[in-house]
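Structure file work.txt; described as compact mmCIF, C-alpha atoms.
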# COMPACT_ATOMS: atom_id res chain seq x y z
CA MET V 9 0.00 0.00 0.00
CA LYS V 10 2.82 2.36 0.84
CA GLY V 11 4.41 1.78 -2.57
CA GLU V 12 1.08 2.48 -4.29
CA LYS V 13 0.73 5.75 -2.37
CA VAL V 14 4.20 6.92 -3.39
CA LEU V 15 3.48 6.05 -7.01
CA GLU V 16 0.19 7.94 -6.90
CA GLU V 17 1.86 11.05 -5.45
CA ARG V 18 4.57 10.94 -8.12
CA SER V 19 1.92 10.81 -10.83
CA LEU V 20 0.74 14.23 -9.68
CA LYS V 21 4.14 15.87 -10.03
CA VAL V 22 5.42 17.77 -13.05
CA VAL V 23 7.50 15.46 -15.22
CA ASP V 24 7.55 17.33 -18.51
CA SER V 25 10.95 18.85 -19.37
CA ASN V 26 9.26 21.83 -21.05
CA THR V 27 10.18 24.96 -19.11
CA THR V 28 6.98 26.86 -19.79
CA PHE V 29 4.22 26.81 -17.22
CA PHE V 30 1.65 25.15 -19.43
CA GLY V 31 4.07 22.58 -20.71
CA LYS V 32 4.59 21.52 -17.10
CA LEU V 33 0.93 21.88 -16.27
CA SER V 34 -0.22 19.41 -18.91
CA ASN V 35 0.40 16.46 -16.55
CA THR V 36 -0.33 18.19 -13.25
CA LEU V 37 -3.48 17.72 -11.19
CA SER V 38 -4.47 21.39 -10.96
CA LYS V 39 -7.86 22.82 -10.59
CA ILE V 40 -9.87 25.99 -11.02
CA MET V 41 -11.53 26.55 -7.66
CA ILE V 42 -13.89 29.20 -6.45
CA PRO V 43 -11.69 31.65 -4.52
CA THR V 44 -11.83 31.17 -0.73
CA LYS V 45 -11.10 33.67 2.02
CA ILE V 46 -8.03 31.68 3.07
CA GLY V 47 -5.11 33.93 2.18
CA ILE V 48 -2.09 32.76 0.24
CA ASN V 49 0.61 34.01 2.57
CA GLY V 50 3.44 31.69 1.57
CA ILE V 51 6.87 33.21 1.47
CA VAL V 52 7.56 31.67 -1.93
CA ILE V 53 4.45 33.18 -3.51
CA ASN V 54 5.21 36.61 -2.07
CA LEU V 55 8.75 36.40 -3.42
CA LYS V 56 7.63 35.26 -6.86
CA ARG V 57 4.96 37.94 -6.98
CA ASN V 58 7.43 40.69 -6.11
CA ASN V 59 9.83 39.47 -8.78
CA LEU V 60 6.98 39.35 -11.27
CA LEU V 61 5.81 42.90 -10.58
CA LYS V 62 9.35 44.23 -10.90
CA ALA V 63 9.81 42.41 -14.23
CA PHE V 64 6.39 43.60 -15.40
CA GLU V 65 7.19 47.22 -14.59
CA ASN V 66 10.55 47.04 -16.36
CA ASN V 67 8.95 45.40 -19.38
CA ILE V 68 6.18 47.95 -19.90
CA ASN V 69 8.26 51.00 -19.06
CA PHE V 70 11.29 50.40 -21.27
CA LYS V 71 12.22 53.31 -23.49
CA ASP V 72 11.48 53.13 -27.19
CA ASN V 73 15.04 53.93 -28.12
CA ILE V 74 16.61 50.84 -26.50
CA ASN V 75 17.82 48.15 -28.85
CA ASP V 76 15.86 45.04 -29.76
CA ASN V 77 18.15 42.77 -27.79
CA LYS V 78 17.43 44.69 -24.61
CA LYS V 79 13.69 44.51 -25.29
CA HIS V 80 13.95 40.78 -25.81
CA VAL V 81 15.84 40.31 -22.54
CA LEU V 82 13.22 42.29 -20.60
CA GLU V 83 10.39 40.33 -22.18
CA GLN V 84 12.12 37.03 -21.46
CA LYS V 85 12.71 37.95 -17.82
CA TYR V 86 9.06 38.87 -17.45
CA GLN V 87 7.87 35.59 -18.99
CA GLU V 88 10.16 33.59 -16.71
CA ALA V 89 8.98 35.49 -13.63
CA TYR V 90 5.37 35.03 -14.71
CA SER V 91 5.82 31.27 -15.16
CA LEU V 92 7.46 30.83 -11.74
CA TYR V 93 4.72 32.92 -10.12
CA LEU V 94 1.94 30.73 -11.54
CA GLU V 95 3.79 27.56 -10.57
CA ALA V 96 4.07 28.79 -6.97
CA ILE V 97 0.31 29.38 -6.72
CA ASP V 98 -0.46 26.06 -8.37
CA LYS V 99 1.85 24.23 -5.95
CA TYR V 100 0.10 25.87 -3.01
CA ILE V 101 -3.23 24.51 -4.23
CA MET V 102 -1.73 21.05 -4.65
CA ASP V 103 0.00 21.00 -1.29
CA SER V 104 -2.97 22.24 0.70
CA VAL V 105 -6.36 21.42 -0.80
CA TYR V 106 -5.61 18.21 -2.66
CA LYS V 107 -3.77 16.59 0.26
CA LYS V 108 -6.60 17.52 2.62
CA VAL V 109 -9.09 15.85 0.32
CA LYS V 110 -6.92 12.72 0.02
CA SER V 111 -6.51 12.48 3.81
CA ASN V 112 -10.24 13.09 4.34
CA THR V 113 -9.61 16.21 6.43
CA ALA V 114 -10.98 18.70 3.87
CA SER V 115 -14.07 20.78 4.38
CA GLU V 116 -17.15 20.20 2.26
CA PHE V 117 -16.21 23.24 0.20
CA GLU V 118 -12.70 21.88 -0.44
CA LYS V 119 -14.13 18.52 -1.48
CA ASN V 120 -16.48 20.19 -3.94
CA ALA V 121 -13.64 22.34 -5.23
CA MET V 122 -11.50 19.33 -6.03
CA GLY V 123 -14.49 17.64 -7.62
CA ASN V 124 -14.56 20.44 -10.18
CA TYR V 125 -11.20 19.22 -11.45
CA TYR V 126 -12.98 16.94 -13.86
CA LYS V 127 -14.60 19.92 -15.52
CA ILE V 128 -11.18 21.39 -16.19
CA THR V 129 -9.98 18.08 -17.57
CA GLN V 130 -12.87 18.11 -20.02
CA ILE V 131 -12.03 21.64 -21.15
CA LYS V 132 -8.38 20.68 -21.64
CA GLU V 133 -9.30 17.70 -23.78
CA LYS V 134 -11.82 19.56 -25.93
CA ASP V 135 -10.17 22.96 -26.25
CA TYR V 136 -6.68 23.46 -24.86
CA ASN V 137 -6.66 27.14 -25.77
CA GLU V 138 -9.68 27.87 -23.60
CA TYR V 139 -8.22 25.70 -20.87
CA LYS V 140 -4.94 27.60 -20.68
CA TYR V 141 -6.74 30.97 -20.51
CA GLN V 142 -9.16 29.75 -17.85
CA LYS V 143 -6.37 28.17 -15.81
CA GLN V 144 -4.14 31.24 -15.76
CA LYS V 145 -7.11 33.46 -15.09
CA TYR V 146 -8.10 31.47 -12.05
CA LEU V 147 -4.64 31.25 -10.49
CA ILE V 148 -4.17 35.00 -10.73
CA GLU V 149 -7.69 35.63 -9.41
CA LEU V 150 -6.92 33.44 -6.42
CA ASP V 151 -3.82 35.43 -5.49
CA TYR V 152 -5.64 38.70 -6.11
CA GLU V 153 -8.39 37.72 -3.68
CA SER V 154 -5.72 36.99 -1.10
CA LEU V 155 -4.08 40.35 -1.65
CA LYS V 156 -7.35 42.21 -1.20
CA LEU V 157 -7.85 40.52 2.15
CA ASN V 158 -4.32 40.78 3.50
CA ALA V 159 -2.14 43.29 1.65
CA LYS V 160 -1.76 47.03 2.07
CA GLU V 161 -3.48 49.42 -0.30
CA LYS V 162 -0.29 50.45 -2.07
CA VAL V 163 0.57 46.80 -2.75
CA ILE V 164 -2.87 46.19 -4.24
CA LYS V 165 -2.59 49.31 -6.37
CA LYS V 166 0.77 48.17 -7.70
CA TYR V 167 -0.64 44.73 -8.50
CA ASN V 168 -3.75 46.14 -10.20
CA GLU V 169 -1.93 47.24 -13.35
CA PHE V 170 -0.52 43.77 -13.91
CA TYR V 171 -3.82 42.14 -12.95
CA VAL V 172 -5.97 44.17 -15.34
CA THR V 173 -3.48 43.77 -18.19
CA GLN V 174 -3.47 40.00 -17.83
CA MET V 175 -7.22 39.74 -17.33
CA ASP V 176 -7.85 41.72 -20.50
CA SER V 177 -5.74 39.19 -22.37
CA PHE V 178 -7.51 36.21 -20.78
CA PHE V 179 -11.03 37.49 -21.39
CA LYS V 180 -10.21 38.29 -25.01
CA GLY V 181 -8.74 34.86 -25.50
CA ILE V 182 -11.72 33.12 -23.90
CA LEU V 183 -14.25 35.07 -25.97
CA LYS V 184 -12.29 34.32 -29.12
CA CYS V 185 -12.52 30.61 -28.27
CA TYR V 186 -16.28 30.93 -27.84
CA SER V 187 -16.61 32.79 -31.14
CA VAL V 188 -14.90 29.90 -32.91
CA LYS V 189 -17.13 27.40 -31.13
CA LEU V 190 -20.22 29.37 -32.13
CA ALA V 191 -19.20 29.12 -35.77
CA GLU V 192 -18.64 25.39 -35.39
CA CYS V 193 -22.01 24.97 -33.65
CA SER V 194 -23.86 26.11 -36.78
CA ARG V 195 -23.78 22.47 -37.82
CA LYS V 196 -24.54 21.05 -34.38
CA ALA V 197 -27.46 20.68 -31.97
CA ASP V 198 -29.31 23.65 -30.50
CA GLU V 199 -28.25 22.58 -26.99
CA GLU V 200 -24.59 23.09 -27.86
CA LYS V 201 -25.32 26.53 -29.30
CA LEU V 202 -27.24 27.50 -26.18
CA ASP V 203 -24.32 26.49 -24.00
CA VAL V 204 -21.93 28.69 -26.00
CA TYR V 205 -24.35 31.63 -25.93
CA ASN V 206 -24.64 31.37 -22.16
CA LYS V 207 -20.86 31.20 -21.76
CA ILE V 208 -20.45 34.37 -23.84
CA PHE V 209 -23.02 36.30 -21.80
CA ASP V 210 -21.61 35.02 -18.49
CA THR V 211 -18.08 35.98 -19.53
CA LEU V 212 -19.18 39.50 -20.47
CA GLN V 213 -21.00 39.85 -17.15
CA GLU V 214 -17.94 38.65 -15.25
CA TYR V 215 -15.75 41.16 -17.06
CA VAL V 216 -18.07 44.03 -16.15
CA ASN V 217 -18.30 42.95 -12.50
CA ASN V 218 -14.64 42.19 -11.90
CA ILE V 219 -12.49 44.13 -14.37
CA ILE V 220 -14.34 47.24 -15.47
CA ILE V 221 -14.96 48.07 -11.81
CA ILE V 222 -11.18 48.26 -11.35
CA LYS V 223 -10.59 50.17 -14.58
CA LEU V 224 -13.07 52.85 -13.52
CA GLN V 225 -10.63 53.77 -10.75
CA THR V 226 -7.71 54.22 -13.18
CA ASP V 227 -6.88 56.65 -15.97
CA GLU V 228 -9.12 54.61 -18.27
CA GLY V 229 -12.13 55.39 -16.13
CA THR V 230 -13.08 58.61 -17.90
CA LEU V 231 -13.02 57.00 -21.33
CA ILE V 232 -15.05 54.02 -20.12
CA GLU V 233 -17.63 56.37 -18.62
CA GLU V 234 -17.89 58.27 -21.90
CA LYS V 235 -18.43 55.13 -23.98
CA ASN V 236 -20.34 52.86 -21.63
CA GLY V 237 -21.42 54.89 -18.60
CA GLY V 238 -25.11 54.78 -19.50
CA ASP V 239 -25.11 51.05 -20.15
CA LEU V 240 -23.22 50.33 -16.93
CA GLN V 241 -25.85 52.25 -14.96
CA ARG V 242 -28.62 50.31 -16.71
CA LEU V 243 -27.00 47.04 -15.63
CA ASP V 244 -27.32 48.03 -11.97
CA GLN V 245 -31.08 47.43 -12.06
CA PHE V 246 -30.52 43.71 -12.62
CA ASP V 247 -28.58 43.26 -9.37
CA ILE V 248 -31.74 43.44 -7.26
CA GLY V 249 -34.51 40.89 -7.00
CA VAL V 250 -35.39 37.84 -9.07
CA LEU V 251 -34.99 38.30 -12.81
CA GLU V 252 -37.69 37.29 -15.27
CA PRO V 253 -36.82 35.82 -18.69
CA LYS V 254 -37.29 39.19 -20.38
CA ASP V 255 -34.90 40.76 -17.85
CA TYR V 256 -32.16 38.34 -18.89
CA VAL V 257 -32.73 39.28 -22.52
CA GLU V 258 -32.44 42.99 -21.74
CA LYS V 259 -29.34 42.49 -19.58
CA ASN V 260 -27.60 40.43 -22.24
CA MET V 261 -28.51 43.01 -24.87
CA ILE V 262 -26.76 45.69 -22.80
CA LEU V 263 -23.72 43.45 -22.31
CA LEU V 264 -23.45 42.95 -26.08
CA GLY V 265 -23.56 46.71 -26.55
CA ILE V 266 -20.68 47.16 -24.12
CA SER V 267 -18.72 44.38 -25.83
CA ARG V 268 -18.70 46.32 -29.11
CA THR V 269 -16.40 48.93 -27.55
CA ILE V 270 -14.11 46.48 -25.72
CA PHE V 271 -14.04 43.12 -27.53
CA THR V 272 -14.43 44.18 -31.17
CA HIS V 273 -11.91 41.62 -32.42
CA SER V 274 -12.27 38.92 -29.76
CA LEU V 275 -16.05 38.82 -30.21
CA PRO V 276 -16.29 39.73 -33.92
CA LEU V 277 -19.38 41.08 -35.62
CA VAL V 278 -20.42 37.72 -37.03
CA ALA V 279 -20.51 36.20 -33.53
CA THR V 280 -22.21 39.24 -32.03
CA GLU V 281 -24.81 39.09 -34.81
CA GLN V 282 -25.64 35.51 -33.85
CA CYS V 283 -25.97 36.53 -30.20
CA TYR V 284 -28.41 39.32 -31.08
CA GLU V 285 -30.43 36.97 -33.27
CA LYS V 286 -30.63 34.52 -30.38
CA LEU V 287 -31.97 37.27 -28.10
CA LEU V 288 -34.52 38.28 -30.74
CA ARG V 289 -35.78 34.70 -30.95
CA ASP V 290 -36.11 34.63 -27.17
CA ILE V 291 -37.96 37.93 -26.88
CA ARG V 292 -40.44 36.99 -29.61
CA LYS V 293 -41.36 33.84 -27.69
CA ILE V 294 -41.77 35.81 -24.46
CA ILE V 295 -44.09 38.32 -26.17
CA VAL V 296 -46.32 35.47 -27.31
CA LYS V 297 -46.31 33.76 -23.88
CA ASP V 298 -47.07 36.89 -21.84
CA LYS V 299 -50.65 36.71 -20.59
CA THR V 300 -51.46 40.28 -19.61
CA LYS V 301 -51.41 43.30 -21.88
CA LYS V 302 -49.08 45.15 -19.49
CA ALA V 303 -46.52 42.34 -19.42
CA LYS V 304 -46.73 41.92 -23.18
CA MET V 305 -46.08 45.62 -23.80
CA GLU V 306 -43.14 45.69 -21.37
CA THR V 307 -41.57 42.82 -23.27
CA TYR V 308 -42.45 44.45 -26.58
CA ASN V 309 -40.55 47.61 -25.60
CA ILE V 310 -37.46 45.47 -24.95
CA PHE V 311 -37.97 43.99 -28.41
CA LEU V 312 -37.94 47.48 -29.94
CA ASP V 313 -34.69 48.31 -28.12
CA LEU V 314 -33.23 45.06 -29.44
CA MET V 315 -34.24 45.91 -32.99
CA GLU V 316 -32.55 49.29 -32.64
CA ALA V 317 -29.35 47.73 -31.30
CA TYR V 318 -29.28 44.92 -33.84
CA SER V 319 -30.73 46.37 -37.04
CA ILE V 320 -29.19 49.82 -36.73
CA LYS V 321 -26.17 49.92 -34.44
CA LEU V 322 -24.76 46.51 -35.37
CA LEU V 323 -25.75 45.78 -38.97
CA SER V 324 -24.91 49.28 -40.17
CA GLY V 325 -21.26 48.34 -39.60
CA LYS V 326 -21.49 45.01 -41.37
CA VAL V 327 -19.18 44.85 -44.39
CA TYR V 328 -19.44 41.28 -45.63
CA TRP V 329 -22.86 39.90 -46.58
CA GLU V 330 -23.21 36.33 -47.81
CA LYS V 331 -26.10 37.25 -50.09
CA THR V 332 -26.07 40.37 -52.24
CA GLU V 333 -29.85 40.72 -52.11
CA GLU V 334 -29.78 40.84 -48.30
CA ARG V 335 -27.26 43.65 -48.41
CA GLU V 336 -29.36 45.61 -50.92
CA ASP V 337 -32.52 45.06 -48.87
CA TYR V 338 -30.72 46.34 -45.79
CA LYS V 339 -29.51 49.43 -47.61
CA LYS V 340 -33.09 50.28 -48.52
CA PHE V 341 -34.22 49.65 -44.97
CA TYR V 342 -31.48 51.84 -43.51
CA ALA V 343 -32.26 54.64 -45.96
CA GLN V 344 -35.86 54.56 -44.76
CA TYR V 345 -34.72 54.55 -41.13
CA GLU V 346 -32.69 57.72 -41.64
CA LYS V 347 -35.85 59.47 -42.80
CA THR V 348 -37.84 58.55 -39.68
CA GLU V 349 -38.49 61.33 -37.20
CA THR V 350 -40.67 59.78 -34.50
CA ALA V 351 -40.57 56.65 -32.35
CA ARG V 352 -43.77 55.44 -34.01
CA GLU V 353 -42.26 55.71 -37.47
CA LYS V 354 -39.28 53.67 -36.32
CA GLU V 355 -41.55 51.08 -34.72
CA ILE V 356 -43.58 50.69 -37.91
CA LEU V 357 -40.40 50.28 -39.92
CA PHE V 358 -39.08 47.60 -37.54
CA LEU V 359 -42.36 45.70 -37.68
CA LYS V 360 -42.45 45.76 -41.45
CA ARG V 361 -38.88 44.47 -41.54
CA GLU V 362 -39.85 41.63 -39.24
CA LEU V 363 -42.77 40.73 -41.48
CA ALA V 364 -40.48 40.79 -44.51
CA THR V 365 -37.65 38.71 -43.00
CA LEU V 366 -39.33 36.21 -40.66
CA ASP V 367 -40.43 32.89 -42.11
CA ASN V 368 -44.20 32.64 -42.35
CA ASN V 369 -44.50 29.26 -40.65
CA GLU V 370 -46.34 27.70 -37.73
CA GLU V 371 -43.60 28.64 -35.26
CA ASN V 372 -43.87 32.36 -36.11
CA LYS V 373 -47.63 32.43 -36.65
CA GLU V 374 -48.59 34.11 -33.36
CA ILE V 375 -45.82 36.73 -33.31
CA LEU V 376 -46.50 37.68 -36.93
CA GLN V 377 -50.17 38.15 -36.06
CA PHE V 378 -49.14 40.37 -33.15
CA TYR V 379 -47.04 42.51 -35.49
CA LYS V 380 -49.91 42.86 -37.94
CA GLU V 381 -52.28 43.93 -35.19
CA ARG V 382 -49.82 46.64 -34.12
CA LEU V 383 -49.51 47.90 -37.68
CA ILE V 384 -53.30 47.89 -38.15
CA SER V 385 -53.73 49.90 -34.93
CA TYR V 386 -51.38 52.55 -36.40
CA GLY V 387 -53.16 52.55 -39.74
CA ALA V 388 -50.00 51.21 -41.40
CA MET V 389 -51.77 48.06 -42.59
CA LYS V 390 -55.33 47.45 -43.74
CA ASN V 391 -57.47 44.90 -42.00
CA ILE V 392 -59.16 43.05 -44.84
CA LYS V 393 -62.07 41.05 -43.48
CA ASN V 394 -63.17 37.83 -45.08
CA ILE V 395 -66.74 38.56 -46.29
CA CYS V 396 -67.00 35.71 -48.77
CA LYS V 397 -70.07 33.51 -48.20
CA THR V 398 -70.42 29.97 -49.44
CA GLY V 399 -73.88 29.13 -48.16
CA ALA V 400 -75.63 28.81 -51.59
CA LYS V 401 -76.50 25.41 -53.03
CA TYR V 402 -75.26 24.35 -56.45
CA THR V 403 -76.61 21.66 -58.75
CA ARG V 404 -74.83 20.05 -61.60
CA THR V 405 -76.62 19.76 -64.95
CA ARG V 406 -75.48 17.72 -67.88
CA LYS V 407 -75.24 19.64 -71.13
CA ALA V 408 -77.37 18.11 -73.90
CA SER V 409 -75.41 16.79 -76.83
Output the file's structure as structure tokens, nothing else.
Amino acid sequence: MKGEKVLEERSLKVVDSNTTFFGKLSNTLSKIMIPTKIGINGIVINLKRNNLLKAFENNINFKDNINDNKKHVLEQKYQEAYSLYLEAIDKYIMDSVYKKVKSNTASEFEKNAMGNYYKITQIKEKDYNEYKYQKQKYLIELDYESLKLNAKEKVIKKYNEFYVTQMDSFFKGILKCYSVKLAECSRKADEEKLDVYNKIFDTLQEYVNNIIIIKLQTDEGTLIEEKNGGDLQRLDQFDIGVLEPKDYVEKNMILLGISRTIFTHSLPLVATEQCYEKLLRDIRKIIVKDKTKKAKMETYNIFLDLMEAYSIKLLSGKVYWEKTEEREDYKKFYAQYEKTETAREKEILFLKRELATLDNNEENKEILQFYKERLISYGAMKNIKNICKTGAKYTRTRKAS
């Protein structure tokens, strides 16, 4: 038994000769855990973190006139410090949580945390790129949570610049992975698409909650307020109470709007377009299901905001269209939109576009009828009643030859 235990422990150690962190990590039992309030106060981690921050500062502050060799040396020192820093945090997790679980002395939380390891294993096997971003992201988040609980304000402020820089890179990488998956899901089941959509929206929400909140306190804060201040304030309303399905649609619509100023390349237009179309499908279904007139109109107003965001703000910047006729139809639609002066005129235009683009099938029957009723109420469509009567009797007579 003792020999088996030693063998098992060895199997958890890094054996790869690759010097990079993720080369070593490929055979290591590491895990993304939910951050706890247990601080990481190890001397080794503190040392590695200090070395990292010094290398980071030297790397970003080098003068433009230094030679390429010097730049390369600074970059290499930073990468080495970064790798050693992540390894130190990862080793702490292994030496504390995993061993507690194996010796049956771990708390229920620690047991659940280690159980999540299998989720990470699945990510690594299916998409290593996403895995490496998620893994680095978590390790740095864990140390950051520790710093916020234990370190002095000036230490946290010094760490923030590194933290935000790295997190920007991780979030962009993760969203890029999801954009690729969304394109691949076009040939797969709806359940897989839904999972990717939810991951995109959750990632955007996480970025707003955890990263933008820090950036607002830096020199970038003013620019963020100018571009997204209104949308960030609108998101605050969703932090209170239980959200209804239409609330999730509105929240995700706002998140997509913010993403267009931050993740233009990581979440490209084609992926964002699919996300908006998903939200439009959802809101149409909610309009149909709403029982009361008040609830239906509240949902309908969200639909109109969605149409504005999708049909005008997003598609007006679309360059590549798969079908020429769709591009020409949109040009005509946008030309009409520019001539509108009132909210009612815009609403009528959006409804007519829906009638022209939605498939007239059983699935869309009820929402199309709702659109027509709205247009009839505005006098933008005639209500032609069926007055044909077929009550008369007819007899067949044979013509004489």
*asked:* One decimal, in Å: what's the spacing between CA of Asn309 in chain V and CA of Asn260 in chain V?
replied: 15.2 Å
*Tell me which protein, DNA and RNA residues are within 12 Å of Tyr171 in chain V, counting all atoms listed in the file, leaving out same-chain ones fewer than 5 positions away, and put them as a list in words.*
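These residues fall inside the cut-off: Arg57, Leu60, Leu61, Phe64, Tyr90, Gln144, Lys145, Tyr146, Leu147, Ile148, Glu149, Leu150, Asp151, Tyr152, Glu153, Leu155, Ile164, Lys165, Lys166, Asp176, Ser177, Phe178, Asn218, Ile219, Ile220, Ile222 and Lys223 of chain V.
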Just-selected residues, C-alpha atoms written as a JSON list (two decimals), in the frame of the given file:
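selection_19.json was written with the following content:
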[["chain", "number", "residue", "atom", "x", "y", "z"],
["V", 57, "ARG", "CA", 4.96, 37.94, -6.98],
["V", 60, "LEU", "CA", 6.98, 39.35, -11.27],
["V", 61, "LEU", "CA", 5.81, 42.90, -10.58],
["V", 64, "PHE", "CA", 6.39, 43.60, -15.40],
["V", 90, "TYR", "CA", 5.37, 35.03, -14.71],
["V", 144, "GLN", "CA", -4.14, 31.24, -15.76],
["V", 145, "LYS", "CA", -7.11, 33.46, -15.09],
["V", 146, "TYR", "CA", -8.10, 31.47, -12.05],
["V", 147, "LEU", "CA", -4.64, 31.25, -10.49],
["V", 148, "ILE", "CA", -4.17, 35.00, -10.73],
["V", 149, "GLU", "CA", -7.69, 35.63, -9.41],
["V", 150, "LEU", "CA", -6.92, 33.44, -6.42],
["V", 151, "ASP", "CA", -3.82, 35.43, -5.49],
["V", 152, "TYR", "CA", -5.64, 38.70, -6.11],
["V", 153, "GLU", "CA", -8.39, 37.72, -3.68],
["V", 155, "LEU", "CA", -4.08, 40.35, -1.65],
["V", 164, "ILE", "CA", -2.87, 46.19, -4.24],
["V", 165, "LYS", "CA", -2.59, 49.31, -6.37],
["V", 166, "LYS", "CA", 0.77, 48.17, -7.70],
["V", 176, "ASP", "CA", -7.85, 41.72, -20.50],
["V", 177, "SER", "CA", -5.74, 39.19, -22.37],
["V", 178, "PHE", "CA", -7.51, 36.21, -20.78],
["V", 218, "ASN", "CA", -14.64, 42.19, -11.90],
["V", 219, "ILE", "CA", -12.49, 44.13, -14.37],
["V", 220, "ILE", "CA", -14.34, 47.24, -15.47],
["V", 222, "ILE", "CA", -11.18, 48.26, -11.35],
["V", 223, "LYS", "CA", -10.59, 50.17, -14.58]]
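Reported to one decimal place, the separation of CA of Ser267 in chain V from CA of Leu190 in chain V is 16.3 Å.
Interatomic distance, CA of Lys160 in chain V to CA of Tyr215 in chain V: 24.4 Å.
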*Out of V:Ile68, V:Ile51, V:Leu263, V:Ile131, which residue has the shortest atom-to-atom distance to Ile97 in chain V when counting all atoms listed in the file?*
V:Ile51
_Shell around Lys189 in chain V at 9 Å using only C-alpha atoms, local window under 4 positions removed, as a list in words_ =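 Listed by chain and then number, they are Lys184, Cys185, Cys193, Ser194, Lys201 and Val204 of chain V.
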